[in-house]
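Coordinates from data-v9.cif are shown below (mmCIF, C-alpha atoms).
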```
data_coords
loop_
_atom_site.label_atom_id
_atom_site.label_comp_id
_atom_site.auth_asym_id
_atom_site.auth_seq_id
_atom_site.Cartn_x
_atom_site.Cartn_y
_atom_site.Cartn_z
CA MET P 1 -60.87 -109.76 39.30
CA THR P 2 -59.94 -113.33 40.17
CA ALA P 3 -57.15 -112.23 42.49
CA GLU P 4 -59.54 -112.09 45.45
CA PHE P 5 -61.10 -115.43 44.69
CA ARG P 6 -59.63 -118.47 46.37
CA ILE P 7 -60.18 -122.20 46.31
CA ALA P 8 -61.16 -123.72 49.64
CA VAL P 9 -58.74 -125.99 51.47
CA VAL P 10 -60.82 -128.09 53.85
CA GLU P 11 -59.52 -130.25 56.68
CA LEU P 12 -61.41 -133.52 56.84
CA TYR P 13 -60.51 -136.63 58.91
CA GLY P 14 -56.86 -135.64 59.11
CA THR P 15 -56.76 -134.97 55.40
CA LEU P 16 -56.67 -131.73 53.46
CA LEU P 17 -59.34 -131.68 50.80
CA VAL P 18 -59.06 -129.27 47.89
CA PRO P 19 -62.21 -129.38 45.78
CA ILE P 20 -61.57 -127.38 42.62
CA GLN P 21 -64.94 -126.44 41.18
CA VAL P 22 -63.95 -123.58 38.94
CA ALA P 23 -62.04 -122.95 35.74
CA LEU P 24 -58.43 -122.58 36.85
CA SER P 25 -56.61 -119.37 36.12
CA ASP P 26 -52.89 -118.94 36.68
CA GLN P 27 -53.52 -116.64 39.64
CA LEU P 28 -55.90 -119.10 41.25
CA ILE P 29 -53.45 -121.95 41.10
CA LEU P 30 -50.66 -119.73 42.47
CA ASN P 31 -52.90 -118.74 45.38
CA LEU P 32 -53.76 -122.38 45.87
CA LYS P 33 -50.09 -123.32 46.11
CA ASP P 34 -49.69 -120.80 48.95
CA ASP P 35 -52.90 -121.78 50.67
CA VAL P 36 -52.17 -125.51 50.60
CA SER P 37 -48.63 -125.01 51.89
CA ARG P 38 -49.90 -122.85 54.71
CA ALA P 39 -52.70 -125.27 55.55
CA ILE P 40 -50.19 -128.12 55.76
CA GLN P 41 -48.05 -126.07 58.12
CA ARG P 42 -51.04 -125.11 60.25
CA THR P 43 -52.75 -128.50 60.57
CA ASN P 44 -51.71 -132.04 61.41
CA ALA P 45 -53.09 -133.42 58.19
CA CYS P 46 -51.15 -136.29 56.69
CA GLY P 47 -52.92 -136.58 53.36
CA LEU P 48 -53.90 -134.25 50.56
CA ILE P 49 -56.76 -134.83 48.14
CA ILE P 50 -57.07 -132.60 45.10
CA ASP P 51 -60.44 -133.10 43.46
CA LEU P 52 -60.48 -132.03 39.83
CA SER P 53 -64.09 -132.90 39.07
CA GLY P 54 -64.97 -129.26 38.44
CA VAL P 55 -61.96 -128.58 36.24
CA ASP P 56 -62.42 -128.67 32.49
CA ILE P 57 -58.96 -127.87 31.16
CA LEU P 58 -55.50 -128.70 32.43
CA ASP P 59 -52.71 -127.39 30.26
CA SER P 60 -48.99 -127.85 30.85
CA TYR P 61 -48.68 -124.91 33.23
CA LEU P 62 -51.63 -125.92 35.38
CA SER P 63 -50.60 -129.56 35.55
CA CYS P 64 -47.08 -128.48 36.41
CA ALA P 65 -48.50 -126.35 39.22
CA ILE P 66 -50.47 -129.31 40.52
CA HIS P 67 -47.29 -131.40 40.37
CA HIS P 68 -45.59 -128.70 42.42
CA ILE P 69 -48.35 -128.70 45.02
CA CYS P 70 -48.06 -132.47 45.37
CA ALA P 71 -44.27 -132.21 45.58
CA ILE P 72 -44.52 -129.58 48.32
CA ALA P 73 -46.97 -131.80 50.18
CA LYS P 74 -44.62 -134.77 49.83
CA LEU P 75 -41.67 -132.80 51.19
CA MET P 76 -43.80 -131.87 54.18
CA GLY P 77 -44.77 -135.49 54.80
CA LEU P 78 -48.16 -135.78 53.12
CA ARG P 79 -49.40 -138.20 50.56
CA SER P 80 -51.37 -136.72 47.71
CA VAL P 81 -54.19 -138.24 45.74
CA LEU P 82 -55.82 -136.73 42.66
CA THR P 83 -59.47 -137.45 42.04
CA GLY P 84 -62.21 -136.58 39.61
CA MET P 85 -60.23 -136.46 36.37
CA ASN P 86 -62.63 -136.62 33.45
CA ALA P 87 -62.02 -138.71 30.34
CA ALA P 88 -61.41 -135.85 27.93
CA MET P 89 -58.87 -134.24 30.24
CA ALA P 90 -57.10 -137.55 30.88
CA MET P 91 -56.81 -138.27 27.17
CA THR P 92 -55.50 -134.80 26.45
CA LEU P 93 -52.90 -134.97 29.22
CA VAL P 94 -51.64 -138.40 28.19
CA GLU P 95 -51.37 -137.36 24.55
CA MET P 96 -49.42 -134.28 25.57
CA GLY P 97 -47.06 -136.42 27.63
CA LEU P 98 -48.17 -135.03 31.00
CA ALA P 99 -49.52 -138.19 32.56
CA PHE P 100 -49.08 -137.48 36.32
CA LYS P 101 -47.17 -140.74 36.56
CA GLU P 102 -45.81 -140.26 40.07
CA ILE P 103 -49.03 -139.09 41.64
CA ASP P 104 -51.64 -141.39 43.17
CA THR P 105 -55.11 -141.14 41.76
CA ALA P 106 -58.54 -142.35 42.81
CA ARG P 107 -61.97 -142.42 41.25
CA CYS P 108 -63.61 -140.18 43.81
CA ILE P 109 -62.99 -138.42 47.10
CA GLU P 110 -64.38 -141.35 49.07
CA ASP P 111 -61.92 -143.77 47.47
CA ALA P 112 -59.12 -141.30 48.02
CA LEU P 113 -59.95 -141.05 51.74
CA ASP P 114 -60.04 -144.86 51.99
CA SER P 115 -56.76 -145.13 50.16
CA LEU P 116 -55.04 -142.58 52.41
CA ARG P 117 -56.46 -144.26 55.50
CA SER P 118 -55.32 -147.73 54.47
CA ILE P 119 -51.83 -146.39 53.85
CA ASP P 120 -51.90 -144.92 57.34
CA GLN P 121 -52.92 -148.22 58.84
CA HIS P 122 -50.52 -150.43 56.92
CA GLY P 123 -47.47 -148.26 57.21
CA SER P 124 -46.12 -145.81 54.74
CA GLU P 125 -44.93 -148.39 52.20
CA GLY P 126 -48.06 -150.50 52.28
CA GLY P 127 -49.61 -148.89 49.28
CA SER P 128 -53.11 -149.64 48.11
CA ALA P 129 -54.05 -151.35 44.91
CA GLN P 130 -55.18 -147.98 43.66
CA SER P 131 -51.83 -146.34 43.93
CA ASP P 132 -50.33 -148.78 41.43
CA ASP P 133 -53.18 -148.47 39.02
CA PRO P 134 -53.77 -144.96 37.82
CA GLY P 135 -57.48 -145.30 37.36
CA MET P 136 -57.63 -142.15 35.30
CA VAL P 137 -56.87 -143.68 31.93
CA VAL P 138 -58.85 -146.65 30.71
CA TRP P 139 -58.45 -147.90 27.19
CA MET Y 1 -84.89 -91.35 29.81
CA VAL Y 2 -83.23 -94.50 31.08
CA SER Y 3 -79.46 -94.28 30.78
CA LEU Y 4 -77.66 -96.54 28.36
CA GLU Y 5 -75.72 -98.08 31.21
CA ARG Y 6 -78.98 -98.98 32.94
CA GLN Y 7 -80.36 -100.52 29.75
CA LEU Y 8 -77.22 -102.61 29.23
CA LEU Y 9 -77.35 -103.74 32.86
CA ASP Y 10 -80.96 -104.77 32.42
CA VAL Y 11 -80.10 -106.82 29.35
CA LEU Y 12 -77.20 -108.52 31.12
CA ALA Y 13 -79.24 -109.11 34.28
CA ARG Y 14 -81.54 -111.38 32.31
CA HIS Y 15 -78.65 -113.80 32.01
CA MET Y 16 -76.67 -113.35 35.23
CA SER Y 17 -76.90 -111.89 38.71
CA PRO Y 18 -76.97 -108.08 38.96
CA ILE Y 19 -73.58 -107.98 40.63
CA VAL Y 20 -71.95 -110.08 37.93
CA ALA Y 21 -73.77 -108.02 35.31
CA ARG Y 22 -72.33 -104.80 36.72
CA SER Y 23 -68.78 -106.08 36.94
CA THR Y 24 -69.00 -107.62 33.47
CA LEU Y 25 -70.17 -104.32 32.02
CA GLN Y 26 -67.57 -102.24 33.83
CA LEU Y 27 -64.78 -104.61 32.92
CA SER Y 28 -65.84 -104.73 29.28
CA ALA Y 29 -66.06 -100.93 29.08
CA ALA Y 30 -62.65 -100.56 30.71
CA ARG Y 31 -61.06 -103.07 28.37
CA CYS Y 32 -62.13 -101.22 25.26
CA HIS Y 33 -61.64 -97.78 26.84
CA VAL Y 34 -65.27 -96.82 26.53
CA ASN Y 35 -66.90 -94.37 28.91
CA LEU Y 36 -70.38 -95.67 29.67
CA GLN Y 37 -71.61 -92.24 30.72
CA SER Y 38 -70.82 -90.65 27.39
CA LEU Y 39 -70.74 -93.10 24.53
CA ARG Y 40 -69.10 -91.78 21.37
CA PRO Y 41 -69.98 -92.92 17.87
CA GLY Y 42 -68.10 -96.12 17.12
CA ASP Y 43 -67.91 -97.18 20.78
CA GLY Y 44 -70.83 -99.57 20.44
CA GLU Y 45 -69.08 -102.15 18.35
CA PRO Y 46 -66.00 -102.82 20.52
CA LEU Y 47 -68.15 -102.63 23.64
CA ALA Y 48 -70.59 -105.23 22.31
CA ALA Y 49 -67.69 -107.46 21.30
CA GLN Y 50 -66.08 -107.18 24.75
CA ILE Y 51 -69.35 -107.89 26.53
CA ILE Y 52 -70.07 -110.93 24.37
CA ASN Y 53 -66.55 -112.17 25.00
CA ALA Y 54 -66.88 -111.67 28.75
CA CYS Y 55 -70.27 -113.38 28.86
CA HIS Y 56 -69.03 -116.68 27.45
CA ILE Y 57 -68.59 -117.96 30.97
CA PHE Y 58 -71.97 -116.92 32.32
CA VAL Y 59 -74.32 -117.61 29.44
CA GLU Y 60 -74.25 -121.29 28.76
CA SER Y 61 -76.52 -122.15 25.89
CA HIS Y 62 -76.11 -121.05 22.32
CA SER Y 63 -79.71 -119.88 22.05
CA ARG Y 64 -79.37 -117.68 25.14
CA ARG Y 65 -76.16 -116.21 23.77
CA THR Y 66 -77.90 -115.40 20.53
CA ALA Y 67 -80.68 -113.73 22.50
CA LEU Y 68 -78.17 -111.73 24.51
CA GLN Y 69 -76.39 -110.64 21.34
CA SER Y 70 -79.53 -109.37 19.69
CA ASP Y 71 -80.62 -107.57 22.87
CA LEU Y 72 -77.22 -105.90 23.18
CA CYS Y 73 -77.23 -104.90 19.54
CA ALA Y 74 -80.71 -103.42 19.95
CA VAL Y 75 -79.62 -101.30 22.93
CA LEU Y 76 -76.41 -100.19 21.24
CA GLU Y 77 -78.21 -99.63 17.94
CA LEU Y 78 -75.97 -102.01 16.03
CA GLU Y 79 -76.95 -104.41 13.32
CA ASP Y 80 -77.08 -107.89 14.75
CA GLU Y 81 -76.77 -109.64 11.47
CA GLY Y 82 -73.50 -111.45 10.87
CA ARG Y 83 -71.75 -109.55 13.61
CA PHE Y 84 -70.67 -112.51 15.68
CA THR Y 85 -70.85 -115.28 13.15
CA ARG Y 86 -69.14 -118.54 13.83
CA GLU Y 87 -66.97 -118.26 10.75
CA SER Y 88 -64.17 -116.80 12.78
CA THR Y 89 -63.43 -115.43 16.22
CA CYS Y 90 -60.59 -113.15 17.14
CA ILE Y 91 -59.40 -112.93 20.72
CA ARG Y 92 -57.01 -110.32 22.01
CA VAL Y 93 -54.62 -111.80 24.55
CA GLU Y 94 -52.98 -109.31 26.87
CA GLN Y 95 -53.27 -110.56 30.42
CA ALA Y 96 -53.41 -113.80 32.34
CA SER Y 97 -57.21 -113.77 32.61
CA ASP Y 98 -57.43 -113.74 28.81
CA VAL Y 99 -56.04 -117.28 28.82
CA VAL Y 100 -59.25 -118.51 30.45
CA LEU Y 101 -61.39 -116.46 28.07
CA ALA Y 102 -59.47 -117.79 25.08
CA ARG Y 103 -59.84 -121.41 26.00
CA ASP Y 104 -63.54 -120.99 26.72
CA ALA Y 105 -63.97 -119.37 23.33
CA GLY Y 106 -62.03 -122.25 21.79
CA ARG Y 107 -64.21 -124.84 23.39
CA GLU Y 108 -67.36 -123.04 22.38
CA PHE Y 109 -66.18 -122.52 18.82
CA SER Y 110 -65.15 -126.14 18.42
CA ALA Y 111 -68.45 -127.28 19.93
CA ALA Y 112 -70.32 -125.15 17.41
CA LEU Y 113 -68.26 -126.78 14.64
CA GLY Y 114 -69.38 -130.20 15.82
CA PHE Y 115 -66.26 -131.45 17.59
CA SER Y 116 -66.67 -134.23 20.16
CA LEU Y 117 -66.08 -133.48 23.84
CA THR Y 118 -62.59 -134.98 23.78
CA HIS Y 119 -61.68 -132.99 20.69
CA GLN Y 120 -63.08 -129.85 22.29
CA ASN Y 121 -60.81 -130.49 25.24
CA ARG Y 122 -57.77 -130.94 22.98
CA VAL Y 123 -58.56 -127.74 21.11
CA ALA Y 124 -59.17 -125.73 24.29
CA THR Y 125 -55.99 -127.06 25.87
CA ALA Y 126 -53.92 -126.18 22.80
CA ILE Y 127 -55.40 -122.68 22.80
CA SER Y 128 -54.62 -122.35 26.48
CA GLU Y 129 -50.98 -123.18 25.77
CA LEU Y 130 -50.69 -120.69 22.94
CA ALA Y 131 -52.48 -117.94 24.86
CA ARG Y 132 -50.25 -118.46 27.85
CA ASN Y 133 -47.11 -118.36 25.73
CA ILE Y 134 -48.29 -115.02 24.34
CA VAL Y 135 -48.91 -113.53 27.79
CA GLN Y 136 -45.72 -114.94 29.23
CA TYR Y 137 -43.21 -114.26 26.49
CA ALA Y 138 -44.67 -111.62 24.19
CA GLY Y 139 -46.94 -109.68 26.52
CA ARG Y 140 -49.70 -109.31 23.98
CA GLY Y 141 -50.94 -110.92 20.83
CA GLU Y 142 -53.94 -112.25 19.06
CA LEU Y 143 -55.64 -115.59 18.55
CA THR Y 144 -57.85 -116.25 15.57
CA LEU Y 145 -60.15 -119.24 15.37
CA ARG Y 146 -61.76 -120.16 12.09
CA ARG Y 147 -62.62 -122.97 9.75
CA PRO Y 148 -59.66 -124.23 7.73
CA THR Y 149 -59.51 -122.72 4.25
CA ASN Y 150 -58.58 -126.03 2.64
CA GLY Y 151 -62.20 -127.19 2.68
CA ARG Y 152 -61.80 -129.93 5.29
CA SER Y 153 -64.10 -129.69 8.28
CA GLY Y 154 -62.26 -128.72 11.41
CA ILE Y 155 -60.77 -125.76 13.15
CA GLU Y 156 -57.77 -123.58 12.42
CA ILE Y 157 -56.13 -121.73 15.29
CA ARG Y 158 -53.65 -118.99 14.58
CA ALA Y 159 -51.69 -117.27 17.32
CA VAL Y 160 -49.74 -114.17 16.36
CA ASP Y 161 -47.52 -111.98 18.49
CA ARG Y 162 -44.69 -109.53 17.98
CA GLY Y 163 -42.67 -110.77 20.91
CA PRO Y 164 -39.09 -112.01 21.03
CA GLY Y 165 -39.71 -115.19 19.02
CA ILE Y 166 -38.37 -118.49 20.30
CA PRO Y 167 -34.57 -118.59 20.41
CA HIS Y 168 -34.27 -122.31 21.17
CA LEU Y 169 -37.13 -123.61 19.07
CA GLU Y 170 -35.39 -126.82 18.09
CA SER Y 171 -34.79 -127.94 21.63
CA VAL Y 172 -38.36 -126.98 22.55
CA LEU Y 173 -39.79 -129.14 19.79
CA ALA Y 174 -37.37 -131.94 20.56
CA GLY Y 175 -38.64 -132.02 24.12
CA THR Y 176 -35.25 -131.30 25.67
CA PHE Y 177 -36.07 -127.79 26.83
CA ARG Y 178 -37.37 -127.18 30.32
CA SER Y 179 -38.88 -123.81 31.07
CA LYS Y 180 -38.81 -122.15 34.47
CA THR Y 181 -42.55 -121.98 34.80
CA GLY Y 182 -43.77 -125.18 33.23
CA MET Y 183 -42.25 -128.38 32.04
CA GLY Y 184 -41.32 -126.90 28.71
CA MET Y 185 -44.04 -129.11 27.34
CA GLY Y 186 -46.45 -126.45 26.13
CA LEU Y 187 -45.56 -126.22 22.45
CA LEU Y 188 -44.57 -129.84 22.11
CA GLY Y 189 -47.78 -130.95 23.80
CA THR Y 190 -49.77 -128.67 21.55
CA LYS Y 191 -48.12 -130.19 18.52
CA ARG Y 192 -48.98 -133.67 19.72
CA LEU Y 193 -52.62 -132.73 20.25
CA MET Y 194 -53.20 -131.25 16.81
CA ASP Y 195 -53.29 -132.70 13.31
CA GLU Y 196 -51.22 -129.93 11.75
CA PHE Y 197 -48.71 -127.61 13.38
CA GLU Y 198 -46.79 -124.79 11.74
CA ILE Y 199 -44.56 -122.35 13.53
CA ASP Y 200 -42.60 -119.30 12.49
CA ALA Y 201 -40.64 -117.98 15.43
CA GLN Y 202 -37.51 -116.26 14.29
CA PRO Y 203 -35.82 -114.45 17.17
CA GLY Y 204 -36.76 -110.79 17.32
CA ARG Y 205 -39.53 -111.03 14.77
CA GLY Y 206 -42.40 -112.40 16.78
CA THR Y 207 -44.09 -115.76 16.69
CA THR Y 208 -46.86 -117.14 14.53
CA VAL Y 209 -48.26 -120.56 15.32
CA THR Y 210 -50.90 -122.16 13.13
CA LEU Y 211 -52.71 -125.27 14.26
CA ARG Y 212 -55.32 -127.35 12.54
CA LYS Y 213 -57.49 -130.06 14.00
CA TYR Y 214 -59.91 -131.96 11.82
CA ILE Y 215 -63.12 -133.58 12.92
#
```
When written as structure tokens, how does the structure in this file appear?
Amino acid sequence: MTAEFRIAVVELYGTLLVPIQVALSDQLILNLKDDVSRAIQRTNACGLIIDLSGVDILDSYLSCAIHHICAIAKLMGLRSVLTGMNAAMAMTLVEMGLAFKEIDTARCIEDALDSLRSIDQHGSEGGSAQSDDPGMVVW
Amino acid sequence: MVSLERQLLDVLARHMSPIVARSTLQLSAARCHVNLQSLRPGDGEPLAAQIINACHIFVESHSRRTALQSDLCAVLELEDEGRFTRESTCIRVEQASDVVLARDAGREFSAALGFSLTHQNRVATAISELARNIVQYAGRGELTLRRPTNGRSGIEIRAVDRGPGIPHLESVLAGTFRSKTGMGMGLLGTKRLMDEFEIDAQPGRGTTVTLRKYI
């Protein structure tokens, strides 16, 4: 049923944008892993934005899969930014001990694009303020 | 006379697009091994339950779900009363897509019980973990959601399977186990999210996990 359904991977200003606007099933995230890897290979993108604003639940398997996607992207020379994490999801993940510590986050896609662009301009180690401050958890 | 299949499609089409209605109906019939062309006595009940379960995603509001339920029961000549009460919900878990169904049911059930959005998310995430464990390690099993019997207001989630049990339970709960497919954090994370956590997972005898979360 969901095997045929795929999440779009969009190339935008030299960045791959993955807007996830659907409840994630295991098959979907597996397909996504393939699709993102192939898109990286095919394009010259140097950044990856995964937008989670349409996702309602991330359990350990799904967050592990997202970690894997970011790790694949990193190996292939891309920086990844997660955006759109909602409060309930962030609290749940932190309580479970799955806090996405090594992955950059941003409030929204626009911020993520800015952040990736500023890293491009200031060299790979420049780092933006956002990358040090995981904006997803505020308490 | 209009066929039963047509009538069911018409009922469903009030709440979703015709294409989704058709696939929902066919899927539901297939999952409870019911032939829509020749319904036998006793087929109505499992079919209605499957359809209701499958419609969780498409029918958003509680009032519309109630309307759908009574329409379905009318077509299938079942008594609506008390059939799908919120006292308890049982979800069969047999394939990966059931994980999504289970967590949606969990969110809906906890919302009906009055849980806050963050608590709903914790409950749904915990259910997702348990459902996935069932699919991955036991193949099939069952999740039951209900109010706790100890009188406190909250939710009790029980996951039962007859799979291989958990041979290295201690290391899983100590957080030192890493699974191939995840971070080995599923059960431990679930335990952290809930107020009460009981597990019986003797190797070879299946696994029963009981969780409670209070409002």
Write out as a Markdown table the residues of chain P that have any atom within 7 Å of an atom of chain Y, one row each with the nearest atom pair and its distance in Å to one decimal, counting only C-alpha atoms, sorted by chain and then rising number.
```
| residue | atom | partner | partner_atom | distance |
| --- | --- | --- | --- | --- |
| P:Ser25 | CA | Y:Val100 | CA | 6.3 |
| P:Asp26 | CA | Y:Ala96 | CA | 6.7 |
| P:Ile57 | CA | Y:Thr125 | CA | 6.1 |
| P:Leu58 | CA | Y:Thr125 | CA | 6.8 |
| P:Asp59 | CA | Y:Thr125 | CA | 5.5 |
| P:Ser60 | CA | Y:Gly186 | CA | 5.5 |
| P:Tyr61 | CA | Y:Gly182 | CA | 4.9 |
| P:Cys64 | CA | Y:Gly182 | CA | 5.7 |
| P:Ala88 | CA | Y:Thr118 | CA | 4.4 |
| P:Met89 | CA | Y:Asn121 | CA | 6.5 |
| P:Thr92 | CA | Y:Arg122 | CA | 5.7 |
| P:Glu95 | CA | Y:Leu193 | CA | 6.4 |
| P:Met96 | CA | Y:Gly189 | CA | 4.1 |
| P:Gly97 | CA | Y:Gly189 | CA | 6.7 |
```
* Counting all atoms listed in the file, the residue of Y:Gly44, Y:Gly163, Y:Pro148, Y:Gly175 that sits nearest Pro203 of chain Y ->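 That would be Y:Gly163, the residue with the smallest distance to Pro203 of chain Y.
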Mind giving me the axis-aligned box for segment 64-72 of chain P with 6 Å on every side, centre plus edges in Å to one decimal, as lines of an AutoDock Vina configuration file?
```
center_x = -47.4
center_y = -129.4
center_z = 42.4
size_x = 18.2
size_y = 18.1
size_z = 23.9
```
* Asked: Between Y:Lys213, Y:Arg64, Y:Arg178, Y:His33, which one has atoms that come closest to Ser153 of chain Y, using all atoms listed in the file?
  -> Y:Lys213
* To do: Take atom CA of Leu62 of chain P and atom CA of Leu32 of chain P and report the distance between them in Å, one decimal.
  =>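 That distance, rounded to one decimal, is 11.3 Å.
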* To do: Go ahead and compute the interatomic distance for atom CA of Ala29 of chain Y and atom CA of Ser17 of chain Y, in Å to one decimal.
  =>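 Taking atom CA of Ala29 of chain Y and atom CA of Ser17 of chain Y, their separation equals 18.2 Å.
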* Asked: In Å, with one decimal, what is the gap from atom CA of Ala105 of chain Y to atom CA of Val209 of chain Y?
  ->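 That distance, rounded to one decimal, is 17.7 Å.
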* So which one's closest to Ala112 of chain P, P:Val22, P:Leu82, P:Leu30, P:Leu16? Using all atoms listed in the file, please. ->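 Once distances to Ala112 of chain P are computed over all atoms listed in the file, the minimum belongs to P:Leu82.
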Assuming the chain letters and numbering stay as they are in my file, what does the PyMOL selection byres ((chain P and resi 33-43) around 12) actually select? List them as a short mmCIF file (atom, residue, chain, number, x, y, z; two decimals) with C-alpha atoms, in the frame of the given file.
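As a result, expr-v7.cif now contains:
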```
data_model
loop_
_atom_site.label_atom_id
_atom_site.label_comp_id
_atom_site.auth_asym_id
_atom_site.auth_seq_id
_atom_site.Cartn_x
_atom_site.Cartn_y
_atom_site.Cartn_z
CA PHE P 5 -61.10 -115.43 44.69
CA ARG P 6 -59.63 -118.47 46.37
CA ILE P 7 -60.18 -122.20 46.31
CA ALA P 8 -61.16 -123.72 49.64
CA VAL P 9 -58.74 -125.99 51.47
CA VAL P 10 -60.82 -128.09 53.85
CA GLU P 11 -59.52 -130.25 56.68
CA LEU P 12 -61.41 -133.52 56.84
CA TYR P 13 -60.51 -136.63 58.91
CA GLY P 14 -56.86 -135.64 59.11
CA THR P 15 -56.76 -134.97 55.40
CA LEU P 16 -56.67 -131.73 53.46
CA LEU P 17 -59.34 -131.68 50.80
CA VAL P 18 -59.06 -129.27 47.89
CA PRO P 19 -62.21 -129.38 45.78
CA ASP P 26 -52.89 -118.94 36.68
CA GLN P 27 -53.52 -116.64 39.64
CA LEU P 28 -55.90 -119.10 41.25
CA ILE P 29 -53.45 -121.95 41.10
CA LEU P 30 -50.66 -119.73 42.47
CA ASN P 31 -52.90 -118.74 45.38
CA LEU P 32 -53.76 -122.38 45.87
CA ASN P 44 -51.71 -132.04 61.41
CA ALA P 45 -53.09 -133.42 58.19
CA CYS P 46 -51.15 -136.29 56.69
CA GLY P 47 -52.92 -136.58 53.36
CA LEU P 48 -53.90 -134.25 50.56
CA ILE P 49 -56.76 -134.83 48.14
CA ILE P 50 -57.07 -132.60 45.10
CA LEU P 62 -51.63 -125.92 35.38
CA CYS P 64 -47.08 -128.48 36.41
CA ALA P 65 -48.50 -126.35 39.22
CA ILE P 66 -50.47 -129.31 40.52
CA HIS P 67 -47.29 -131.40 40.37
CA HIS P 68 -45.59 -128.70 42.42
CA ILE P 69 -48.35 -128.70 45.02
CA CYS P 70 -48.06 -132.47 45.37
CA ALA P 71 -44.27 -132.21 45.58
CA ILE P 72 -44.52 -129.58 48.32
CA ALA P 73 -46.97 -131.80 50.18
CA LYS P 74 -44.62 -134.77 49.83
CA LEU P 75 -41.67 -132.80 51.19
CA MET P 76 -43.80 -131.87 54.18
CA GLY P 77 -44.77 -135.49 54.80
CA LEU P 78 -48.16 -135.78 53.12
CA ARG P 79 -49.40 -138.20 50.56
CA SER P 80 -51.37 -136.72 47.71
#
```
* Might you pull out every residue within 10 Å of Arg147 of chain Y, with only C-alpha atoms counted and same-chain residues fewer than 6 positions away left off, and present them as a count of residues only? => 15
Could you rebuild segment 134-138 of chain Y with all heavy atoms and give it back as a PDB file, keeping the file's coordinate frame?
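What follows is the written file out_10.pdb:
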```pdb
ATOM      1  N   ILE Y 134     -48.214-116.426  24.744  1.00  0.00           N
ATOM      2  CA  ILE Y 134     -48.290-115.020  24.340  1.00  0.00           C
ATOM      3  C   ILE Y 134     -48.141-114.117  25.560  1.00  0.00           C
ATOM      4  O   ILE Y 134     -47.312-113.209  25.581  1.00  0.00           O
ATOM      5  CB  ILE Y 134     -49.625-114.727  23.616  1.00  0.00           C
ATOM      6  CG1 ILE Y 134     -49.637-115.408  22.247  1.00  0.00           C
ATOM      7  CG2 ILE Y 134     -49.837-113.231  23.468  1.00  0.00           C
ATOM      8  CD1 ILE Y 134     -50.931-115.227  21.472  1.00  0.00           C
ATOM      9  N   VAL Y 135     -48.953-114.390  26.593  1.00  0.00           N
ATOM     10  CA  VAL Y 135     -48.910-113.530  27.790  1.00  0.00           C
ATOM     11  C   VAL Y 135     -47.525-113.565  28.426  1.00  0.00           C
ATOM     12  O   VAL Y 135     -46.972-112.534  28.802  1.00  0.00           O
ATOM     13  CB  VAL Y 135     -49.972-113.985  28.817  1.00  0.00           C
ATOM     14  CG1 VAL Y 135     -49.834-113.204  30.102  1.00  0.00           C
ATOM     15  CG2 VAL Y 135     -51.363-113.811  28.249  1.00  0.00           C
ATOM     16  N   GLN Y 136     -46.966-114.777  28.494  1.00  0.00           N
ATOM     17  CA  GLN Y 136     -45.720-114.940  29.230  1.00  0.00           C
ATOM     18  C   GLN Y 136     -44.511-114.366  28.495  1.00  0.00           C
ATOM     19  O   GLN Y 136     -43.656-113.732  29.094  1.00  0.00           O
ATOM     20  CB  GLN Y 136     -45.503-116.427  29.475  1.00  0.00           C
ATOM     21  CG  GLN Y 136     -44.753-116.728  30.722  1.00  0.00           C
ATOM     22  CD  GLN Y 136     -45.092-118.137  31.188  1.00  0.00           C
ATOM     23  OE1 GLN Y 136     -45.183-119.080  30.408  1.00  0.00           O
ATOM     24  NE2 GLN Y 136     -45.293-118.284  32.463  1.00  0.00           N
ATOM     25  N   TYR Y 137     -44.445-114.610  27.205  1.00  0.00           N
ATOM     26  CA  TYR Y 137     -43.210-114.260  26.490  1.00  0.00           C
ATOM     27  C   TYR Y 137     -43.343-113.013  25.622  1.00  0.00           C
ATOM     28  O   TYR Y 137     -42.364-112.314  25.395  1.00  0.00           O
ATOM     29  CB  TYR Y 137     -42.761-115.438  25.625  1.00  0.00           C
ATOM     30  CG  TYR Y 137     -42.425-116.660  26.441  1.00  0.00           C
ATOM     31  CD1 TYR Y 137     -43.223-117.793  26.414  1.00  0.00           C
ATOM     32  CD2 TYR Y 137     -41.304-116.664  27.279  1.00  0.00           C
ATOM     33  CE1 TYR Y 137     -42.928-118.905  27.184  1.00  0.00           C
ATOM     34  CE2 TYR Y 137     -40.999-117.764  28.062  1.00  0.00           C
ATOM     35  CZ  TYR Y 137     -41.804-118.882  28.002  1.00  0.00           C
ATOM     36  OH  TYR Y 137     -41.512-119.971  28.775  1.00  0.00           O
ATOM     37  N   ALA Y 138     -44.534-112.751  25.101  1.00  0.00           N
ATOM     38  CA  ALA Y 138     -44.670-111.620  24.190  1.00  0.00           C
ATOM     39  C   ALA Y 138     -45.440-110.460  24.818  1.00  0.00           C
ATOM     40  O   ALA Y 138     -45.372-109.342  24.339  1.00  0.00           O
ATOM     41  CB  ALA Y 138     -45.369-112.054  22.905  1.00  0.00           C
TER      42      ALA Y 138
END
```
